$ cat model-v4.csv   # CSV, C-alpha atoms
chain,number,residue,atom,x,y,z
A,56,MET,CA,12.0,17.8,6.4
A,57,SER,CA,8.5,16.6,7.0
A,58,HIS,CA,8.4,13.1,8.5
A,59,ALA,CA,5.7,10.7,7.6
A,60,LEU,CA,4.3,7.8,9.6
A,61,VAL,CA,2.2,4.9,8.3
A,62,ILE,CA,0.3,2.8,10.9
A,63,LEU,CA,-0.6,-0.6,9.5
A,64,CYS,CA,-4.2,-1.4,10.7
A,65,GLY,CA,-5.4,-3.8,8.1
A,66,GLY,CA,-5.3,-7.1,10.1
A,67,LYS,CA,-8.4,-9.0,11.0
A,68,SER,CA,-7.5,-9.4,14.6
A,69,THR,CA,-8.8,-13.0,14.6
A,70,ARG,CA,-6.8,-14.2,17.5
A,71,ILE,CA,-7.9,-11.5,19.9
A,72,GLY,CA,-11.5,-11.5,18.8
A,73,THR,CA,-12.0,-7.8,18.3
A,74,ASP,CA,-10.5,-4.9,16.3
A,75,LYS,CA,-7.1,-4.3,18.0
A,76,ALA,CA,-7.1,-0.7,16.8
A,77,LEU,CA,-10.2,0.1,18.9
A,78,LEU,CA,-9.0,-1.6,22.1
A,79,PRO,CA,-9.2,0.7,25.1
A,80,PHE,CA,-5.7,2.0,25.9
A,81,GLY,CA,-5.2,4.6,28.6
A,82,ASP,CA,-7.9,7.3,28.2
A,83,CYS,CA,-8.5,6.5,24.5
A,84,CYS,CA,-8.2,3.6,22.1
A,85,LEU,CA,-5.0,2.0,20.8
A,86,ILE,CA,-4.9,3.7,17.4
A,87,GLU,CA,-5.6,7.1,18.9
A,88,TYR,CA,-2.9,6.5,21.5
A,89,LEU,CA,-0.4,5.9,18.7
A,90,VAL,CA,-1.5,9.0,16.7
A,91,ARG,CA,-1.2,11.2,19.8
A,92,LYS,CA,2.2,9.7,20.6
A,93,PHE,CA,3.7,10.3,17.2
A,94,GLN,CA,2.0,13.5,16.1
A,95,PRO,CA,4.5,15.9,17.7
A,96,ASP,CA,7.4,14.4,15.6
A,97,PHE,CA,5.4,13.2,12.6
A,98,PRO,CA,3.2,16.0,11.1
A,99,LYS,CA,1.9,13.6,8.5
A,100,ILE,CA,0.3,10.4,9.7
A,101,TYR,CA,-1.4,7.8,7.4
A,102,LEU,CA,-3.5,4.8,8.4
A,103,SER,CA,-3.2,1.8,6.2
A,104,VAL,CA,-6.7,0.1,6.4
A,105,GLN,CA,-8.8,-2.5,4.7
A,106,GLN,CA,-11.5,0.0,3.7
A,107,LYS,CA,-10.9,3.7,3.3
A,108,ASN,CA,-13.6,4.7,5.8
A,109,ASP,CA,-12.4,2.5,8.6
A,110,TYR,CA,-12.0,4.6,11.8
A,111,ALA,CA,-13.5,7.7,10.2
A,112,HIS,CA,-15.8,8.0,13.3
A,113,LEU,CA,-12.8,8.7,15.5
A,114,ASN,CA,-12.1,12.0,13.6
A,115,LEU,CA,-8.3,11.6,13.9
A,116,PRO,CA,-6.0,14.0,12.2
A,117,VAL,CA,-4.8,11.4,9.7
A,118,THR,CA,-5.1,10.3,6.1
A,119,THR,CA,-6.5,6.8,5.5
A,120,ILE,CA,-5.3,4.6,2.6
A,121,GLY,CA,-7.3,1.5,1.8
A,122,ASP,CA,-5.7,-1.7,0.7
A,123,ILE,CA,-5.3,-2.1,-3.0
A,124,TYR,CA,-5.1,-5.9,-2.6
A,125,GLY,CA,-7.1,-7.6,0.1
A,126,ASN,CA,-6.1,-10.6,2.2
A,127,ALA,CA,-2.5,-10.1,1.4
A,128,GLY,CA,-1.2,-9.2,4.9
A,129,PRO,CA,1.0,-6.3,5.9
A,130,MET,CA,2.9,-6.3,2.5
A,131,SER,CA,-0.3,-5.2,0.9
A,132,GLY,CA,-0.5,-2.3,3.3
A,133,ILE,CA,3.1,-1.2,2.6
A,134,PHE,CA,2.5,-1.5,-1.2
A,135,SER,CA,-0.8,0.6,-1.0
A,136,ALA,CA,0.7,3.2,1.3
A,137,LEU,CA,3.9,3.7,-0.8
A,138,SER,CA,1.7,4.0,-3.9
A,139,MET,CA,-0.4,6.8,-2.3
A,140,ILE,CA,1.7,8.9,0.1
A,141,SER,CA,3.1,12.1,-1.2
A,142,GLU,CA,6.4,11.7,0.7
A,143,GLU,CA,9.3,9.8,-0.8
A,144,ARG,CA,9.5,7.5,2.2
A,145,ALA,CA,7.9,6.9,5.5
A,146,PHE,CA,8.3,5.1,8.8
A,147,PHE,CA,6.0,2.1,9.1
A,148,ILE,CA,4.7,0.5,12.3
A,149,SER,CA,1.9,-2.0,13.1
A,150,VAL,CA,-1.0,-0.8,15.2
A,151,ASP,CA,-0.4,-3.7,17.7
A,152,THR,CA,3.0,-2.4,18.8
A,153,PRO,CA,2.1,0.6,20.9
A,154,PHE,CA,5.4,1.0,22.7
A,155,VAL,CA,7.6,1.7,19.6
A,156,GLU,CA,9.2,5.1,20.3
A,157,PRO,CA,9.1,8.0,17.8
A,158,ALA,CA,12.8,8.5,18.3
A,159,LEU,CA,13.4,5.1,16.7
A,160,GLY,CA,11.5,6.2,13.6
A,161,LEU,CA,13.2,9.5,13.4
A,162,TYR,CA,16.6,7.9,13.6
A,163,LEU,CA,15.8,5.4,10.8
A,164,LEU,CA,14.5,8.3,8.6
A,165,SER,CA,17.7,10.2,9.2
A,166,GLN,CA,19.7,7.5,7.4
A,167,PRO,CA,21.0,8.1,3.9
A,168,GLN,CA,18.6,7.3,1.1
A,169,GLU,CA,21.1,5.0,-0.7
A,170,HIS,CA,19.2,2.1,0.9
A,171,PRO,CA,15.4,2.1,0.0
A,172,ILE,CA,14.7,0.2,3.3
A,173,TRP,CA,16.1,0.9,6.7
A,174,ALA,CA,15.3,-1.6,9.4
A,175,ILE,CA,16.6,-2.9,12.7
A,176,ALA,CA,18.9,-6.0,13.2
A,177,ARG,CA,18.4,-7.5,16.6
A,178,ALA,CA,21.2,-9.0,18.6
A,179,ASN,CA,19.7,-12.5,17.9
A,180,ASP,CA,20.0,-11.9,14.1
A,181,GLN,CA,16.2,-11.3,14.0
A,182,LEU,CA,15.1,-8.5,11.6
A,183,GLU,CA,12.3,-6.1,12.6
A,184,THR,CA,10.8,-5.9,9.2
A,185,LEU,CA,7.5,-4.1,10.0
A,186,SER,CA,8.8,-1.2,12.1
A,187,ALA,CA,11.0,0.1,9.4
A,188,VAL,CA,11.5,2.8,6.8
A,189,TYR,CA,10.3,2.0,3.3
A,190,SER,CA,10.8,4.2,0.2
A,191,LYS,CA,8.8,4.5,-3.0
A,192,SER,CA,11.7,2.9,-4.9
A,193,CYS,CA,10.6,-0.3,-3.2
A,194,ILE,CA,7.2,-0.4,-5.1
A,195,PRO,CA,8.4,-2.5,-8.1
A,196,GLN,CA,9.9,-5.2,-5.8
A,197,VAL,CA,7.0,-5.2,-3.4
A,198,GLY,CA,4.5,-5.5,-6.3
A,199,LYS,CA,6.5,-8.3,-7.9
A,200,ALA,CA,6.7,-10.2,-4.6
A,201,MET,CA,2.9,-9.9,-4.2
A,202,LEU,CA,2.3,-11.0,-7.8
A,203,PHE,CA,4.2,-14.2,-7.2
A,204,HIS,CA,2.8,-14.7,-3.6
A,205,GLN,CA,6.3,-14.3,-2.1
A,206,TYR,CA,5.4,-12.7,1.1
A,207,SER,CA,8.8,-13.1,2.8
A,208,PHE,CA,10.0,-9.7,4.2
A,209,ASN,CA,13.5,-11.1,4.5
A,210,ARG,CA,13.6,-11.9,0.8
A,211,LEU,CA,12.1,-8.4,0.0
A,212,HIS,CA,14.9,-6.8,2.1
A,213,GLU,CA,17.5,-8.7,0.2
A,214,LYS,CA,16.0,-7.7,-3.2
A,215,CYS,CA,15.9,-4.1,-2.1
A,216,ASN,CA,19.4,-4.0,-0.6
A,217,ALA,CA,18.1,-2.9,2.8
A,218,GLY,CA,20.3,-1.1,5.3
A,219,TYR,CA,20.2,-2.1,9.0
A,220,ILE,CA,20.8,-0.4,12.3
A,221,SER,CA,22.1,-2.6,15.1
A,222,GLU,CA,20.4,-3.0,18.5
A,223,ASP,CA,23.5,-1.5,20.2
A,224,GLU,CA,23.4,1.6,18.1
A,225,LEU,CA,19.7,2.2,18.8
A,226,ALA,CA,20.3,1.8,22.5
A,227,LYS,CA,22.3,5.0,22.4
A,228,ILE,CA,19.4,6.8,20.7
A,229,CYS,CA,16.5,5.4,22.6
A,230,PRO,CA,16.8,4.0,26.1
A,231,VAL,CA,13.5,2.0,26.0
A,232,PRO,CA,14.5,-1.7,25.5
A,233,LEU,CA,13.7,-3.1,22.1
A,234,ASN,CA,11.9,-6.1,23.6
A,235,GLU,CA,9.4,-3.7,25.1
A,236,GLN,CA,9.2,-1.5,22.0
A,237,PHE,CA,8.4,-4.4,19.7
A,238,PHE,CA,5.9,-6.1,22.1
A,239,ASN,CA,3.0,-7.2,20.0
A,240,ILE,CA,-0.6,-7.4,21.1
A,241,ASN,CA,-1.8,-10.5,19.5
A,242,THR,CA,-3.9,-12.2,22.2
A,243,ARG,CA,-6.0,-11.2,25.2
A,244,THR,CA,-3.1,-12.1,27.4
A,245,HIS,CA,-0.8,-9.8,25.4
A,246,TYR,CA,-3.4,-7.0,25.8
A,247,TYR,CA,-3.6,-7.3,29.5
A,248,HIS,CA,0.2,-7.4,29.7
A,249,ALA,CA,0.3,-4.2,27.6
A,250,LEU,CA,-2.1,-2.5,30.0
A,251,ARG,CA,0.2,-3.4,32.9
A,252,LEU,CA,3.2,-1.9,31.0
A,253,LEU,CA,1.1,1.2,30.4
A,254,SER,CA,0.2,1.4,34.0
A,255,GLU,CA,3.9,1.1,35.1
A,256,ARG,CA,4.6,4.1,32.8
A,257,GLY,CA,2.0,6.1,34.7
A,258,GLU,CA,-0.2,6.4,31.5
A,259,LEU,CA,-3.1,4.3,32.7
A,260,PHE,CA,-5.5,6.3,34.7
A,261,ASP,CA,-7.3,4.9,37.8
A,262,ASP,CA,-10.7,5.1,36.0
A,263,ASP,CA,-9.3,2.7,33.4
A,264,SER,CA,-7.5,0.3,35.6
A,265,ASN,CA,-10.3,-2.3,35.4
A,266,GLN,CA,-10.7,-2.2,31.6
A,267,GLU,CA,-12.1,-5.3,30.1
A,268,LEU,CA,-11.4,-6.5,26.6
A,269,PRO,CA,-14.5,-5.9,24.4
A,270,ALA,CA,-16.4,-9.1,23.5
A,271,ALA,CA,-15.8,-10.5,20.0
A,272,GLY,CA,-18.1,-8.7,17.6
A,273,ASN,CA,-18.7,-11.8,15.5
A,274,ALA,CA,-18.7,-15.6,16.2
A,275,ALA,CA,-16.2,-16.1,13.4
A,276,PHE,CA,-13.5,-14.7,15.7
A,277,SER,CA,-13.8,-17.8,17.9
A,278,ILE,CA,-12.5,-20.1,15.1
A,279,PRO,CA,-8.8,-20.4,14.5
A,280,VAL,CA,-7.5,-20.0,10.9
A,281,VAL,CA,-4.4,-21.9,9.9
A,282,SER,CA,-2.7,-20.9,6.7
A,283,LEU,CA,-0.2,-23.1,5.0
A,284,VAL,CA,2.5,-20.8,3.5
A,285,GLY,CA,5.8,-21.2,1.7
A,286,ASP,CA,7.3,-21.1,-1.8
A,287,SER,CA,4.5,-20.5,-4.4
A,288,ILE,CA,5.6,-23.7,-6.3
A,289,ILE,CA,5.1,-26.0,-3.3
A,290,ASP,CA,1.9,-28.1,-3.5
A,291,LYS,CA,0.3,-26.8,-0.3
A,292,LYS,CA,-3.3,-27.8,-1.3
A,293,THR,CA,-2.5,-31.6,-1.3
A,294,PHE,CA,-1.0,-31.4,2.2
A,295,CYS,CA,-4.0,-29.3,3.3
A,296,ASN,CA,-6.4,-31.9,2.1
A,297,GLN,CA,-4.4,-34.7,3.8
A,298,VAL,CA,-4.5,-32.8,7.1
A,299,LEU,CA,-8.3,-32.2,6.6
A,300,GLU,CA,-9.0,-35.9,6.2
A,301,ALA,CA,-6.9,-36.8,9.2
A,302,LEU,CA,-8.7,-34.3,11.3
A,303,LYS,CA,-12.1,-35.6,10.2
A,304,LYS,CA,-11.1,-39.2,11.2
A,305,ASP,CA,-10.4,-37.9,14.7
A,306,GLY,CA,-13.7,-36.2,14.9
A,307,ILE,CA,-12.5,-32.6,14.4
A,308,LYS,CA,-14.8,-30.4,12.3
A,309,ALA,CA,-12.5,-28.6,9.9
A,310,ALA,CA,-13.0,-27.0,6.5
A,311,ILE,CA,-10.8,-25.7,3.7
A,312,PHE,CA,-11.5,-22.3,2.2
A,313,ASP,CA,-9.8,-20.2,-0.4
A,314,SER,CA,-7.7,-17.4,1.0
A,315,GLU,CA,-10.0,-14.9,-0.6
A,316,LYS,CA,-12.9,-16.2,1.3
A,317,ASP,CA,-14.6,-14.0,3.9
A,318,PHE,CA,-14.5,-16.1,7.1
A,319,THR,CA,-16.9,-13.8,8.9
A,320,ASN,CA,-20.0,-16.0,8.7
A,321,ILE,CA,-18.3,-19.4,9.2
A,322,THR,CA,-19.4,-20.7,12.6
A,323,ASN,CA,-20.0,-24.5,12.3
A,324,VAL,CA,-16.4,-25.8,12.3
A,325,ASP,CA,-13.6,-26.1,14.8
A,326,LEU,CA,-10.7,-25.1,12.5
A,327,ILE,CA,-10.4,-23.3,9.1
A,328,LEU,CA,-7.6,-24.4,6.8
A,329,THR,CA,-6.4,-22.3,3.9
A,330,CYS,CA,-3.3,-21.7,1.8
A,331,ASP,CA,-1.1,-18.6,1.2
A,332,LEU,CA,-3.2,-16.3,3.4
A,333,GLU,CA,-0.7,-13.7,4.7
A,334,ASP,CA,-3.0,-12.0,7.2
A,335,GLU,CA,-1.1,-11.2,10.4
A,336,ASP,CA,-3.9,-12.7,12.5
A,337,CYS,CA,-3.9,-16.2,11.1
A,338,PHE,CA,-1.7,-19.0,12.3
A,339,LYS,CA,1.0,-19.7,9.7
A,340,ILE,CA,2.6,-23.0,9.1
A,341,GLU,CA,5.3,-23.0,6.5
A,342,LEU,CA,5.9,-26.0,4.2
A,343,LEU,CA,9.5,-26.7,3.2
A,344,SER,CA,10.7,-29.0,0.4
A,345,SER,CA,14.1,-30.6,-0.1
A,346,GLU,CA,13.7,-29.9,-3.8
A,347,LEU,CA,12.7,-26.2,-3.6
A,348,ASN,CA,13.7,-24.5,-0.4
A,349,GLU,CA,15.2,-25.9,2.7
A,350,THR,CA,14.9,-22.8,4.9
A,351,PRO,CA,11.8,-20.8,5.7
A,352,LEU,CA,10.9,-17.8,3.5
A,353,HIS,CA,9.0,-16.2,6.4
A,354,PRO,CA,10.5,-14.9,9.6
A,355,VAL,CA,10.2,-17.8,12.1
A,356,SER,CA,8.8,-15.4,14.6
A,357,GLY,CA,5.7,-15.1,12.4
A,358,LEU,CA,5.2,-18.9,12.2
A,359,VAL,CA,3.5,-21.3,14.6
A,360,ALA,CA,5.1,-24.4,13.1
A,361,ILE,CA,7.1,-25.8,10.1
A,362,ALA,CA,6.4,-28.9,8.1
A,363,SER,CA,9.1,-30.4,5.8
A,364,ASP,CA,9.8,-33.6,3.8
A,365,PHE,CA,13.4,-33.8,5.0
A,366,GLY,CA,13.4,-33.5,8.8
A,367,TYR,CA,14.0,-29.8,9.2
A,368,LYS,CA,14.8,-28.8,12.8
A,369,CYS,CA,14.1,-25.5,14.5
A,370,GLU,CA,14.3,-24.6,18.1
A,371,GLU,CA,11.9,-21.7,17.9
A,372,VAL,CA,8.8,-23.5,16.6
A,373,PRO,CA,7.6,-27.1,16.4
A,374,CYS,CA,8.6,-29.0,13.3
A,375,PHE,CA,6.6,-31.8,11.6
A,376,ASP,CA,7.0,-34.4,8.8
A,377,SER,CA,4.9,-33.2,5.8
A,378,ARG,CA,4.9,-36.8,4.5
A,379,LYS,CA,3.0,-37.9,7.6
A,380,PRO,CA,0.0,-35.5,7.9
A,381,ARG,CA,-1.1,-37.2,11.2
A,382,SER,CA,2.1,-36.0,12.9
A,383,ILE,CA,0.7,-32.5,13.1
A,384,LEU,CA,-2.8,-33.5,14.5
A,385,GLY,CA,-1.8,-33.2,18.2
A,386,PHE,CA,-0.4,-29.7,17.6
A,387,LEU,CA,-3.6,-28.6,15.8
A,388,LYS,CA,-5.9,-30.1,18.5
A,389,THR,CA,-3.9,-28.1,21.2
A,390,LEU,CA,-4.2,-25.0,19.1
A,391,ILE,CA,-8.0,-25.4,18.8
A,392,ARG,CA,-8.3,-26.1,22.6
A,393,ASP,CA,-6.2,-23.1,23.7
A,394,TYR,CA,-7.8,-20.8,21.2
A,395,SER,CA,-11.3,-21.6,22.5
A,396,HIS,CA,-10.2,-20.6,26.0
$ encode --input "model-v4.csv" --output "structure tokens"
Amino acid sequence: MSHALVILCGGKSTRIGTDKALLPFGDCCLIEYLVRKFQPDFPKIYLSVQQKNDYAHLNLPVTTIGDIYGNAGPMSGIFSALSMISEERAFFISVDTPFVEPALGLYLLSQPQEHPIWAIARANDQLETLSAVYSKSCIPQVGKAMLFHQYSFNRLHEKCNAGYISEDELAKICPVPLNEQFFNINTRTHYYHALRLLSERGELFDDDSNQELPAAGNAAFSIPVVSLVGDSIIDKKTFCNQVLEALKKDGIKAAIFDSEKDFTNITNVDLILTCDLEDEDCFKIELLSSELNETPLHPVSGLVAIASDFGYKCEEVPCFDSRKPRSILGFLKTLIRDYSH
């Protein structure tokens, strides 16, 4: 059986300020590192990218698949890839998780096809929804989710009757701890930590030991983008406007843009607010409503905060009262300050 791998590379890398796929990693760049690592076990490798010619200059032995729908996050990449690959299913990983082991993907692909999705259930009940196997039979459900702006991978897994492998079972197959395998490079600090891990593995050559993160290629990367997400019925725009007015009263330069907007040339504000942008590189705050949904649709690990109208509590991320927009100002000011540094 020919095993297929899809590397999701369509994120804008806003938080790190440069294209993560091209970060120096060992004696090559991050995306080439992953291709080299998986090629012995995965003869067919696809890159899910924003534009089909992205990374063509690297001359990698891969097939690129451009996003059919832009600005729709990793779900768009999965939808586009499943629609275009010749294989019935594939193992998906994100380009910013360089320590995922091929053995993990091979084991998930060895599971019976009675489940169209095979993923990993962590010991803390967290689901690893991106490093997973997806089958073509998922296409209708993924397309429907995108049509209704329902970007919750947990909900998608429920709809598709996903199968799960436990963390304990995987430990017998692959000795590398899952905390290390699923380490994400989202910020400059994360990148330097990843280089240290690479060095500890003996894969970082002396000539590369003083690698520096490339400077941001565009001033837009210095501006944090906050996306209000949640059930498509929730009135996120009203809350967004209320937060904007509160920020302005405190002297913060903020602006609201449609999620389809190209933020590349925006340089004269401190913060960009938008709604329903599912890009992996923006800061997502989920809105909850006592009348619609009282639990997050998104994995909490992918959120920076939650705002509700009923006092929702969560230990993992800060929670705020959506009826009092000013309650979130301190958090946003801290985000702006930390982001600029």
$ residues_near_point --input "model-v4.csv" --point "(5.0, -5.2, 1.3)" --cutoff "6 Å" --atoms "all atoms listed in the file" --output "PyMOL selection string"
chain A and resi 130-131+133-134+197
$ closest_residue --input "model-v4.csv" --among "A:Ser314, A:Ser382, A:Ser282, A:Asn296" --to "A:Leu358" --atoms "all atoms listed in the file"
A:Ser282
$ atom_distance --input "model-v4.csv" --atom1 "atom CA of A:Phe312" --atom2 "atom CA of A:Thr152"
29.7 Å
$ residues_near_point --input "model-v4.csv" --point "(5.8, 4.8, 18.6)" --cutoff "9 Å" --atoms "all atoms listed in the file" --output "list in words"
Leu89, Val90, Lys92, Phe93, Ile148, Thr152, Pro153, Phe154, Val155, Glu156, Pro157, Ala158, Leu159, Gly160 and Gln236 of chain A
$ write_last_selection --input "model-v4.csv" --atoms "C-alpha atoms" --output "mmCIF file, in the coordinates of the input"
data_model
loop_
_atom_site.group_PDB
_atom_site.id
_atom_site.type_symbol
_atom_site.label_atom_id
_atom_site.label_comp_id
_atom_site.auth_asym_id
_atom_site.auth_seq_id
_atom_site.Cartn_x
_atom_site.Cartn_y
_atom_site.Cartn_z
ATOM 1 C CA LEU A 89 -0.400 5.900 18.700
ATOM 2 C CA VAL A 90 -1.500 9.000 16.700
ATOM 3 C CA LYS A 92 2.200 9.700 20.600
ATOM 4 C CA PHE A 93 3.700 10.300 17.200
ATOM 5 C CA ILE A 148 4.700 0.500 12.300
ATOM 6 C CA THR A 152 3.000 -2.400 18.800
ATOM 7 C CA PRO A 153 2.100 0.600 20.900
ATOM 8 C CA PHE A 154 5.400 1.000 22.700
ATOM 9 C CA VAL A 155 7.600 1.700 19.600
ATOM 10 C CA GLU A 156 9.200 5.100 20.300
ATOM 11 C CA PRO A 157 9.100 8.000 17.800
ATOM 12 C CA ALA A 158 12.800 8.500 18.300
ATOM 13 C CA LEU A 159 13.400 5.100 16.700
ATOM 14 C CA GLY A 160 11.500 6.200 13.600
ATOM 15 C CA GLN A 236 9.200 -1.500 22.000
#
$ residues_around --input "model-v4.csv" --residues "A:Ser149" --least-positions-apart "6" --cutoff "8 Å" --atoms "all atoms listed in the file" --output "VMD selection string"
chain A and resid 62 to 64 185 to 186
$ atom_distance --input "model-v4.csv" --atom1 "atom CA of A:Ser190" --atom2 "atom CA of A:Val117"
19.6 Å
$ atom_distance --input "model-v4.csv" --atom1 "atom CA of A:Arg256" --atom2 "atom CA of A:Leu77"
20.7 Å
$ closest_residue --input "model-v4.csv" --among "A:Asp286, A:Glu315, A:Glu222, A:Glu183" --to "A:Pro351" --atoms "all atoms listed in the file"
A:Asp286
$ closest_residue --input "model-v4.csv" --among "A:Cys295, A:Val280, A:Ile391, A:Ile311" --to "A:Ser377" --atoms "all atoms listed in the file"
A:Cys295
$ closest_residue --input "model-v4.csv" --among "A:His58, A:Asp96, A:Arg251, A:Ile175" --to "A:Leu225" --atoms "all atoms listed in the file"
A:Ile175
$ closest_residue --input "model-v4.csv" --among "A:Val359, A:Ile120, A:Leu161, A:Cys330" --to "A:Cys229" --atoms "all atoms listed in the file"
A:Leu161
$ closest_residue --input "model-v4.csv" --among "A:Leu60, A:Ala310, A:Ala360, A:Leu102" --to "A:Leu328" --atoms "all atoms listed in the file"
A:Ala310
$ residues_around --input "model-v4.csv" --residues "A:Ala136" --least-positions-apart "2" --cutoff "8 Å" --atoms "only C-alpha atoms" --output "ChimeraX atom specification"
/A:61,101,103,120,132-134,138-140
